>>> print(open('final.tsv').read())   # TSV, C-alpha atoms
chain	number	residue	atom	x	y	z
S	1	MET	CA	64.81	-6.13	7.54
S	2	ASP	CA	66.83	-5.56	10.72
S	3	LEU	CA	64.81	-3.21	12.91
S	4	ALA	CA	65.85	-2.19	16.43
S	5	LEU	CA	64.67	0.23	19.09
S	6	ARG	CA	66.94	2.10	21.44
S	7	PRO	CA	66.20	4.87	23.92
S	8	ALA	CA	66.40	8.29	22.29
S	9	ARG	CA	69.13	10.60	23.54
S	10	GLU	CA	70.32	14.16	23.21
S	11	GLY	CA	72.28	13.47	20.02
S	12	ASP	CA	69.05	12.40	18.31
S	13	LEU	CA	67.49	15.86	18.61
S	14	PRO	CA	68.22	16.90	15.00
S	15	PHE	CA	66.52	13.74	13.70
S	16	LEU	CA	63.56	14.01	16.10
S	17	THR	CA	63.07	17.63	15.05
S	18	GLU	CA	63.35	16.93	11.32
S	19	VAL	CA	60.90	14.04	11.36
S	20	TYR	CA	58.31	15.87	13.44
S	21	ASN	CA	58.59	18.91	11.18
S	22	GLN	CA	57.92	16.62	8.20
S	23	ALA	CA	54.67	15.59	9.88
S	24	ILE	CA	53.72	19.21	10.55
S	25	ALA	CA	54.47	20.22	6.94
S	26	ALA	CA	52.34	17.35	5.61
S	27	GLY	CA	49.32	18.99	7.22
S	28	ASN	CA	47.46	15.79	8.04
S	29	CYS	CA	49.62	13.99	10.62
S	30	THR	CA	49.53	16.22	13.70
S	31	CYS	CA	47.55	19.08	15.15
S	32	ASP	CA	50.70	21.15	15.54
S	33	LEU	CA	50.75	23.83	12.86
S	34	ASP	CA	54.08	25.54	13.45
S	35	PRO	CA	57.52	23.96	12.99
S	36	VAL	CA	59.35	22.93	16.15
S	37	THR	CA	62.92	23.68	17.14
S	38	GLU	CA	65.54	21.45	18.69
S	39	ALA	CA	64.90	23.31	21.97
S	40	ASP	CA	61.23	22.26	21.74
S	41	ARG	CA	62.26	18.67	21.10
S	42	ARG	CA	64.72	18.82	24.01
S	43	ALA	CA	61.81	19.52	26.36
S	44	PHE	CA	59.93	16.65	24.69
S	45	LEU	CA	62.93	14.35	25.21
S	46	ARG	CA	63.10	15.34	28.90
S	47	ALA	CA	59.39	14.64	29.32
S	48	HIS	CA	60.08	11.05	28.23
S	49	GLU	CA	62.85	10.29	30.72
S	50	ASP	CA	60.27	8.64	32.97
S	51	PRO	CA	60.71	4.85	32.54
S	52	ARG	CA	56.92	4.46	32.11
S	53	CYS	CA	56.96	6.94	29.20
S	54	PRO	CA	59.81	5.74	26.99
S	55	LEU	CA	60.88	7.42	23.77
S	56	PHE	CA	62.61	5.09	21.33
S	57	LEU	CA	64.56	5.77	18.19
S	58	CYS	CA	63.74	3.22	15.50
S	59	LEU	CA	66.79	2.00	13.60
S	60	ARG	CA	66.93	-0.03	10.40
S	61	GLU	CA	70.35	-1.57	9.93
S	62	GLY	CA	71.74	1.08	12.28
S	63	GLU	CA	70.16	4.07	10.51
S	64	ALA	CA	67.44	6.17	12.17
S	65	VAL	CA	64.15	5.78	10.30
S	66	GLY	CA	61.63	6.96	12.89
S	67	TYR	CA	60.73	7.16	16.53
S	68	ALA	CA	57.93	6.10	18.83
S	69	TYR	CA	56.92	6.75	22.40
S	70	LEU	CA	54.42	6.05	25.13
S	71	SER	CA	52.67	8.80	27.07
S	72	PRO	CA	50.43	8.53	30.09
S	73	TYR	CA	46.75	8.97	29.46
S	74	ARG	CA	45.21	11.38	31.99
S	75	PRO	CA	48.27	11.37	34.31
S	76	GLY	CA	47.54	11.36	37.99
S	77	ARG	CA	44.24	9.54	37.62
S	78	ARG	CA	45.02	6.21	39.26
S	79	ALA	CA	42.08	4.40	37.70
S	80	LEU	CA	43.73	5.00	34.31
S	81	GLU	CA	47.30	3.98	35.22
S	82	THR	CA	47.19	0.99	32.87
S	83	VAL	CA	46.28	3.13	29.83
S	84	ALA	CA	48.93	4.75	27.64
S	85	GLU	CA	48.95	6.65	24.38
S	86	VAL	CA	51.24	5.30	21.68
S	87	SER	CA	52.67	7.71	19.11
S	88	TYR	CA	55.00	7.06	16.18
S	89	TYR	CA	56.60	9.11	13.43
S	90	LEU	CA	58.55	7.81	10.46
S	91	ASP	CA	60.98	9.70	8.30
S	92	PHE	CA	58.94	10.40	5.17
S	93	ARG	CA	61.75	8.98	3.04
S	94	CYS	CA	61.12	5.60	4.70
S	95	ARG	CA	57.34	5.42	4.52
S	96	GLY	CA	55.69	2.53	2.70
S	97	GLN	CA	58.51	0.11	3.53
S	98	GLY	CA	56.80	-1.90	6.29
S	99	ILE	CA	58.58	-0.12	9.15
S	100	GLY	CA	55.38	0.95	10.89
S	101	SER	CA	54.07	-2.61	10.70
S	102	ARG	CA	57.11	-3.76	12.66
S	103	LEU	CA	57.36	-0.74	14.95
S	104	LEU	CA	53.82	-0.75	16.37
S	105	PRO	CA	53.96	-4.37	17.67
S	106	GLU	CA	57.34	-3.57	19.26
S	107	MET	CA	55.75	-0.66	21.10
S	108	GLU	CA	52.90	-2.89	22.22
S	109	ALA	CA	55.45	-5.34	23.66
S	110	GLU	CA	57.17	-2.47	25.49
S	111	ALA	CA	53.81	-1.31	26.84
S	112	ARG	CA	53.03	-4.78	28.17
S	113	LYS	CA	56.43	-4.92	29.93
S	114	LEU	CA	55.56	-1.65	31.64
S	115	GLY	CA	52.21	-2.96	32.88
S	116	TYR	CA	49.95	-1.18	30.42
S	117	GLU	CA	46.78	-3.04	29.48
S	118	THR	CA	45.28	-0.59	26.99
S	119	LEU	CA	46.87	1.50	24.26
S	120	LEU	CA	45.29	4.52	22.64
S	121	ALA	CA	46.33	6.25	19.45
S	122	ILE	CA	45.00	9.77	18.96
S	123	LEU	CA	45.08	10.96	15.37
S	124	LEU	CA	43.46	12.96	12.62
S	125	ALA	CA	40.89	11.35	10.35
S	126	SER	CA	42.89	12.73	7.41
S	127	ASN	CA	45.91	10.56	8.30
S	128	GLY	CA	45.09	7.60	6.07
S	129	ARG	CA	48.44	5.83	6.48
S	130	SER	CA	48.17	5.78	10.26
S	131	LEU	CA	44.52	4.71	10.13
S	132	ALA	CA	45.46	1.75	7.91
S	133	LEU	CA	48.36	0.77	10.19
S	134	LEU	CA	46.21	0.89	13.31
S	135	ARG	CA	43.39	-1.13	11.76
S	136	LYS	CA	45.86	-3.69	10.43
S	137	ASN	CA	47.16	-4.13	14.00
S	138	GLY	CA	43.77	-4.62	15.63
S	139	TYR	CA	43.02	-1.09	16.82
S	140	ARG	CA	39.44	0.11	16.57
S	141	GLU	CA	37.83	3.52	16.64
S	142	TRP	CA	36.74	4.23	20.20
S	143	GLY	CA	36.03	7.91	19.90
S	144	ARG	CA	35.55	10.75	17.44
S	145	LEU	CA	35.55	14.50	17.95
S	146	PRO	CA	33.80	15.75	14.80
S	147	ALA	CA	35.45	18.68	12.99
S	148	ALA	CA	37.59	19.42	16.06
S	149	ALA	CA	40.84	20.20	14.22
S	150	HIS	CA	41.18	23.22	11.95
S	151	LEU	CA	43.84	22.54	9.33
S	152	GLY	CA	44.39	24.96	6.49
S	153	GLY	CA	40.79	26.06	6.32
S	154	ALA	CA	39.43	22.51	6.63
S	155	GLN	CA	37.81	20.99	9.68
S	156	VAL	CA	38.98	17.45	10.38
S	157	ASP	CA	37.74	14.86	12.85
S	158	HIS	CA	40.06	13.98	15.73
S	159	LEU	CA	39.97	10.24	16.45
S	160	ILE	CA	40.78	7.97	19.34
S	161	PHE	CA	41.70	4.43	18.37
S	162	GLY	CA	42.24	1.81	21.05
S	163	LYS	CA	43.36	-1.72	21.66
S	164	GLN	CA	43.28	-3.95	24.72
S	165	LEU	CA	46.64	-5.60	25.15
>>> encode(input="final.tsv", output="C-alpha coordinates")
Amino acid sequence: MDLALRPAREGDLPFLTEVYNQAIAAGNCTCDLDPVTEADRRAFLRAHEDPRCPLFLCLREGEAVGYAYLSPYRPGRRALETVAEVSYYLDFRCRGQGIGSRLLPEMEAEARKLGYETLLAILLASNGRSLALLRKNGYREWGRLPAAAHLGGAQVDHLIFGKQL
(Lines of atoms letter the chains of each structure in order from A and count residues from 1; the text may use other names and numbers.)
(Lines give C-alpha, C1' and ligand atoms only; values in the text may rest on other atoms or scores of the structure.)
Protein backbone atom coordinates (compact mmCIF):
# COMPACT_ATOMS: atom_id res chain seq x y z
CA MET A 1 0.00 0.00 0.00
CA ASP A 2 1.42 3.36 -1.07
CA LEU A 3 0.87 5.78 1.81
CA ALA A 4 2.14 9.37 1.83
CA LEU A 5 1.80 12.43 4.03
CA ARG A 6 1.68 15.97 2.76
CA PRO A 7 0.95 19.23 4.55
CA ALA A 8 -2.77 19.98 4.61
CA ARG A 9 -3.89 23.06 2.72
CA GLU A 10 -6.96 25.20 2.16
CA GLY A 11 -8.32 22.94 -0.60
CA ASP A 12 -8.46 20.05 1.89
CA LEU A 13 -11.04 21.79 4.09
CA PRO A 14 -14.04 19.83 2.73
CA PHE A 15 -12.27 16.53 3.46
CA LEU A 16 -11.04 17.63 6.91
CA THR A 17 -14.56 18.75 7.78
CA GLU A 18 -16.23 15.57 6.51
CA VAL A 19 -13.87 13.22 8.33
CA TYR A 20 -14.08 15.09 11.62
CA ASN A 21 -17.87 15.16 11.38
CA GLN A 22 -17.81 11.38 10.90
CA ALA A 23 -15.95 11.11 14.21
CA ILE A 24 -18.46 13.41 15.93
CA ALA A 25 -21.43 11.44 14.56
CA ALA A 26 -19.90 8.15 15.75
CA GLY A 27 -20.24 9.41 19.31
CA ASN A 28 -17.17 7.66 20.69
CA CYS A 29 -14.20 9.27 18.91
CA THR A 30 -14.15 12.86 20.13
CA CYS A 31 -15.56 15.01 22.89
CA ASP A 32 -17.02 17.43 20.36
CA LEU A 33 -20.76 16.91 20.16
CA ASP A 34 -21.81 19.34 17.43
CA PRO A 35 -20.84 19.10 13.75
CA VAL A 36 -18.14 21.49 12.56
CA THR A 37 -18.16 23.74 9.53
CA GLU A 38 -15.47 24.44 6.98
CA ALA A 39 -14.99 27.82 8.71
CA ASP A 40 -14.27 25.96 11.96
CA ARG A 41 -11.78 23.74 10.18
CA ARG A 42 -10.18 26.79 8.54
CA ALA A 43 -9.32 28.12 12.00
CA PHE A 44 -8.01 24.64 12.87
CA LEU A 45 -5.86 24.63 9.72
CA ARG A 46 -4.46 28.07 10.59
CA ALA A 47 -3.62 26.88 14.11
CA HIS A 48 -1.39 24.22 12.53
CA GLU A 49 0.68 26.52 10.34
CA ASP A 50 3.37 26.54 13.03
CA PRO A 51 6.15 24.19 11.82
CA ARG A 52 6.23 22.50 15.26
CA CYS A 53 2.50 21.70 14.99
CA PRO A 54 2.13 20.17 11.53
CA LEU A 55 -1.16 18.97 10.06
CA PHE A 56 -0.75 16.29 7.41
CA LEU A 57 -3.18 14.85 4.93
CA CYS A 58 -2.74 11.10 4.61
CA LEU A 59 -2.91 9.86 1.03
CA ARG A 60 -3.20 6.29 -0.23
CA GLU A 61 -2.27 6.07 -3.88
CA GLY A 62 -3.00 9.80 -4.17
CA GLU A 63 -6.44 9.67 -2.53
CA ALA A 64 -7.12 11.33 0.83
CA VAL A 65 -7.90 8.69 3.47
CA GLY A 66 -7.29 10.59 6.69
CA TYR A 67 -5.27 13.23 8.45
CA ALA A 68 -3.02 13.56 11.47
CA TYR A 69 -1.41 16.36 13.39
CA LEU A 70 0.80 17.31 16.29
CA SER A 71 -0.23 19.84 18.92
CA PRO A 72 1.80 21.34 21.72
CA TYR A 73 1.09 20.00 25.17
CA ARG A 74 0.68 22.85 27.67
CA PRO A 75 2.06 25.53 25.30
CA GLY A 76 4.26 28.14 26.87
CA ARG A 77 5.53 25.84 29.59
CA ARG A 78 9.17 25.43 28.62
CA ALA A 79 9.71 22.33 30.74
CA LEU A 80 7.19 20.56 28.47
CA GLU A 81 8.54 21.75 25.09
CA THR A 82 9.53 18.21 24.10
CA VAL A 83 6.01 16.83 24.64
CA ALA A 84 3.37 16.86 21.89
CA GLU A 85 -0.10 15.45 21.45
CA VAL A 86 -0.63 13.29 18.38
CA SER A 87 -4.11 13.11 16.85
CA TYR A 88 -5.36 11.20 13.82
CA TYR A 89 -8.66 10.73 12.02
CA LEU A 90 -9.40 8.29 9.22
CA ASP A 91 -12.22 8.44 6.74
CA PHE A 92 -14.64 5.83 8.08
CA ARG A 93 -14.79 4.22 4.63
CA CYS A 94 -11.08 3.39 5.00
CA ARG A 95 -11.02 2.02 8.53
CA GLY A 96 -9.78 -1.51 9.16
CA GLN A 97 -7.36 -1.40 6.22
CA GLY A 98 -4.09 -0.95 8.13
CA ILE A 99 -3.82 2.79 7.43
CA GLY A 100 -3.62 3.78 11.09
CA SER A 101 -0.87 1.22 11.65
CA ARG A 102 1.20 2.97 8.99
CA LEU A 103 0.15 6.53 9.85
CA LEU A 104 1.03 6.55 13.56
CA PRO A 105 4.70 5.53 13.07
CA GLU A 106 4.99 8.21 10.36
CA MET A 107 3.77 10.80 12.85
CA GLU A 108 6.25 9.55 15.43
CA ALA A 109 9.05 10.02 12.88
CA GLU A 110 7.83 13.57 12.19
CA ALA A 111 7.73 14.25 15.94
CA ARG A 112 11.31 13.07 16.36
CA LYS A 113 12.45 15.35 13.50
CA LEU A 114 10.85 18.27 15.34
CA GLY A 115 12.67 17.48 18.58
CA TYR A 116 9.78 15.93 20.49
CA GLU A 117 10.74 13.20 22.95
CA THR A 118 7.30 12.23 24.24
CA LEU A 119 3.98 11.80 22.47
CA LEU A 120 0.60 11.80 24.14
CA ALA A 121 -2.70 10.65 22.72
CA ILE A 122 -5.81 11.88 24.51
CA LEU A 123 -8.91 9.84 23.81
CA LEU A 124 -12.14 8.38 25.07
CA ALA A 125 -12.19 4.95 26.70
CA SER A 126 -15.06 4.08 24.35
CA ASN A 127 -12.81 4.43 21.28
CA GLY A 128 -11.77 0.79 20.99
CA ARG A 129 -10.12 1.10 17.57
CA SER A 130 -7.82 3.89 18.71
CA LEU A 131 -7.01 2.10 21.96
CA ALA A 132 -5.98 -1.01 20.01
CA LEU A 133 -3.85 1.05 17.60
CA LEU A 134 -2.06 2.86 20.40
CA ARG A 135 -1.36 -0.31 22.36
CA LYS A 136 -0.11 -2.05 19.22
CA ASN A 137 2.36 0.82 18.74
CA GLY A 138 3.76 0.79 22.27
CA TYR A 139 1.64 3.48 23.91
CA ARG A 140 0.55 2.91 27.49
CA GLU A 141 -2.13 4.42 29.66
CA TRP A 142 -0.56 7.22 31.68
CA GLY A 143 -3.70 8.87 32.96
CA ARG A 144 -7.44 8.46 33.36
CA LEU A 145 -10.14 10.98 34.16
CA PRO A 146 -13.02 8.75 35.32
CA ALA A 147 -16.46 9.52 33.86
CA ALA A 148 -15.23 12.94 32.67
CA ALA A 149 -16.97 12.94 29.28
CA HIS A 150 -20.76 13.02 28.97
CA LEU A 151 -21.79 11.41 25.69
CA GLY A 152 -25.43 10.77 24.94
CA GLY A 153 -26.39 10.20 28.54
CA ALA A 154 -23.35 8.01 29.26
CA GLN A 155 -20.30 9.00 31.24
CA VAL A 156 -17.05 7.88 29.64
CA ASP A 157 -13.49 7.93 30.93
CA HIS A 158 -11.08 10.32 29.24
CA LEU A 159 -7.65 8.72 28.81
CA ILE A 160 -4.11 9.90 28.30
CA PHE A 161 -1.85 7.41 26.55
CA GLY A 162 1.84 8.14 26.18
CA LYS A 163 5.03 6.93 24.61
CA GLN A 164 8.65 8.00 25.00
CA LEU A 165 10.21 8.38 21.59
>>> closest_residue(input="final.tsv", among="S:Ala4, S:Leu133, S:Leu114, S:Leu33", to="Cys53 (chain S)", atoms="all atoms listed in the file")
S:Leu114
>>> closest_residue(input="final.tsv", among="S:Glu117, S:Glu141, S:Asp2, S:Pro14", to="Gly98 (chain S)", atoms="only C-alpha atoms")
S:Asp2
>>> atom_distance(input="final.tsv", atom1="CA of Asp91 (chain S)", atom2="CA of Val19 (chain S)")
5.3 Å
>>> residues_around(input="final.tsv", residues="region 146-160 of chain S", least_positions_apart="5", cutoff="8 Å", atoms="only C-alpha atoms", output="PyMOL selection string")
chain S and resi 27-28+31+33+120-126+141
>>> closest_residue(input="final.tsv", among="S:Arg52, S:Gly62, S:Leu165, S:Arg42", to="Ala109 (chain S)", atoms="all atoms listed in the file")
S:Leu165
>>> closest_residue(input="final.tsv", among="S:Gly115, S:Gly138, S:Gly100, S:Pro105", to="Arg60 (chain S)", atoms="all atoms listed in the file")
S:Gly100
>>> atom_distance(input="final.tsv", atom1="CA of Ala43 (chain S)", atom2="CA of Leu55 (chain S)")
12.4 Å
>>> residues_around(input="final.tsv", residues="region 34-39 of chain S", least_positions_apart="5", cutoff="10 Å", atoms="all atoms listed in the file", output="NGL selection string")
:S and (10 or 12-18 or 20-25 or 44-45)
>>> atom_distance(input="final.tsv", atom1="CA of Pro51 (chain S)", atom2="CA of Ala64 (chain S)")
21.5 Å
>>> residues_around(input="final.tsv", residues="region 162-164 of chain S", least_positions_apart="5", cutoff="10 Å", atoms="only C-alpha atoms", output="PDB file with C-alpha atoms, in the frame of the given file")
ATOM      1  CA  VAL S  83      46.280   3.130  29.830  1.00  0.00           C
ATOM      2  CA  ALA S  84      48.930   4.750  27.640  1.00  0.00           C
ATOM      3  CA  GLU S  85      48.950   6.650  24.380  1.00  0.00           C
ATOM      4  CA  VAL S  86      51.240   5.300  21.680  1.00  0.00           C
ATOM      5  CA  GLU S 108      52.900  -2.890  22.220  1.00  0.00           C
ATOM      6  CA  TYR S 116      49.950  -1.180  30.420  1.00  0.00           C
ATOM      7  CA  GLU S 117      46.780  -3.040  29.480  1.00  0.00           C
ATOM      8  CA  THR S 118      45.280  -0.590  26.990  1.00  0.00           C
ATOM      9  CA  LEU S 119      46.870   1.500  24.260  1.00  0.00           C
ATOM     10  CA  LEU S 120      45.290   4.520  22.640  1.00  0.00           C
ATOM     11  CA  ALA S 121      46.330   6.250  19.450  1.00  0.00           C
ATOM     12  CA  ILE S 122      45.000   9.770  18.960  1.00  0.00           C
ATOM     13  CA  LEU S 134      46.210   0.890  13.310  1.00  0.00           C
ATOM     14  CA  ARG S 135      43.390  -1.130  11.760  1.00  0.00           C
ATOM     15  CA  ASN S 137      47.160  -4.130  14.000  1.00  0.00           C
ATOM     16  CA  GLY S 138      43.770  -4.620  15.630  1.00  0.00           C
ATOM     17  CA  TYR S 139      43.020  -1.090  16.820  1.00  0.00           C
ATOM     18  CA  ARG S 140      39.440   0.110  16.570  1.00  0.00           C
ATOM     19  CA  GLU S 141      37.830   3.520  16.640  1.00  0.00           C
ATOM     20  CA  TRP S 142      36.740   4.230  20.200  1.00  0.00           C
ATOM     21  CA  GLY S 143      36.030   7.910  19.900  1.00  0.00           C
TER      22      GLY S 143
END
>>> closest_residue(input="final.tsv", among="S:Lys113, S:Asp40, S:Val65, S:Leu5", to="Tyr89 (chain S)", atoms="only C-alpha atoms")
S:Val65
>>> closest_residue(input="final.tsv", among="S:Pro75, S:Gly11, S:Gly96, S:Gly128", to="Leu57 (chain S)", atoms="only C-alpha atoms")
S:Gly11
>>> residues_around(input="final.tsv", residues="Ile99 (chain S)", least_positions_apart="2", cutoff="9 Å", atoms="only C-alpha atoms", output="ChimeraX atom specification")
/S:1,3,58,60,65-66,90,94-97,101-104
>>> decode(input="final.tsv", residues="region 128-152 of chain S", atoms="N, CA and C atoms", output="CSV table (one decimal), in the first residue's frame")
chain,number,residue,atom,x,y,z
S,128,GLY,N,-12.5,2.1,21.0
S,128,GLY,CA,-11.8,0.8,21.0
S,128,GLY,C,-10.7,0.7,19.9
S,129,ARG,N,-11.1,1.2,18.7
S,129,ARG,CA,-10.1,1.1,17.6
S,129,ARG,C,-8.8,1.9,17.9
S,130,SER,N,-9.0,3.1,18.4
S,130,SER,CA,-7.8,3.9,18.7
S,130,SER,C,-7.0,3.3,19.9
S,131,LEU,N,-7.7,2.8,20.9
S,131,LEU,CA,-7.0,2.1,22.0
S,131,LEU,C,-6.2,0.9,21.5
S,132,ALA,N,-6.7,0.1,20.6
S,132,ALA,CA,-6.0,-1.0,20.0
S,132,ALA,C,-4.8,-0.5,19.2
S,133,LEU,N,-4.9,0.5,18.4
S,133,LEU,CA,-3.8,1.0,17.6
S,133,LEU,C,-2.7,1.6,18.5
S,134,LEU,N,-3.1,2.3,19.5
S,134,LEU,CA,-2.1,2.9,20.4
S,134,LEU,C,-1.3,1.8,21.1
S,135,ARG,N,-2.0,0.8,21.7
S,135,ARG,CA,-1.4,-0.3,22.4
S,135,ARG,C,-0.4,-1.1,21.4
S,136,LYS,N,-0.9,-1.3,20.2
S,136,LYS,CA,-0.1,-2.0,19.2
S,136,LYS,C,1.2,-1.3,18.9
S,137,ASN,N,1.2,0.0,19.0
S,137,ASN,CA,2.4,0.8,18.7
S,137,ASN,C,3.2,1.2,20.0
S,138,GLY,N,2.9,0.6,21.1
S,138,GLY,CA,3.8,0.8,22.3
S,138,GLY,C,3.3,1.9,23.2
S,139,TYR,N,2.2,2.5,23.0
S,139,TYR,CA,1.6,3.5,23.9
S,139,TYR,C,1.0,2.8,25.1
S,140,ARG,N,1.1,3.4,26.2
S,140,ARG,CA,0.5,2.9,27.5
S,140,ARG,C,-0.3,4.0,28.1
S,141,GLU,N,-1.3,3.5,28.9
S,141,GLU,CA,-2.1,4.4,29.7
S,141,GLU,C,-1.3,5.1,30.7
S,142,TRP,N,-1.3,6.4,30.7
S,142,TRP,CA,-0.6,7.2,31.7
S,142,TRP,C,-1.5,8.0,32.6
S,143,GLY,N,-2.8,8.1,32.2
S,143,GLY,CA,-3.7,8.9,33.0
S,143,GLY,C,-5.1,8.6,32.6
S,144,ARG,N,-6.0,8.7,33.6
S,144,ARG,CA,-7.4,8.5,33.4
S,144,ARG,C,-8.3,9.5,34.2
S,145,LEU,N,-9.2,10.1,33.5
S,145,LEU,CA,-10.1,11.0,34.2
S,145,LEU,C,-11.5,10.2,34.2
S,146,PRO,N,-11.8,9.6,35.3
S,146,PRO,CA,-13.0,8.8,35.3
S,146,PRO,C,-14.3,9.5,35.0
S,147,ALA,N,-15.1,9.0,34.2
S,147,ALA,CA,-16.5,9.5,33.9
S,147,ALA,C,-16.4,11.0,33.5
S,148,ALA,N,-15.4,11.5,32.9
S,148,ALA,CA,-15.2,12.9,32.7
S,148,ALA,C,-16.0,13.4,31.5
S,149,ALA,N,-16.2,12.5,30.5
S,149,ALA,CA,-17.0,12.9,29.3
S,149,ALA,C,-18.4,12.5,29.4
S,150,HIS,N,-19.3,13.3,29.0
S,150,HIS,CA,-20.8,13.0,29.0
S,150,HIS,C,-21.2,12.9,27.5
S,151,LEU,N,-21.4,11.7,27.1
S,151,LEU,CA,-21.8,11.4,25.7
S,151,LEU,C,-23.1,10.7,25.6
S,152,GLY,N,-24.1,11.4,25.1
S,152,GLY,CA,-25.4,10.8,24.9
S,152,GLY,C,-26.0,10.1,26.2
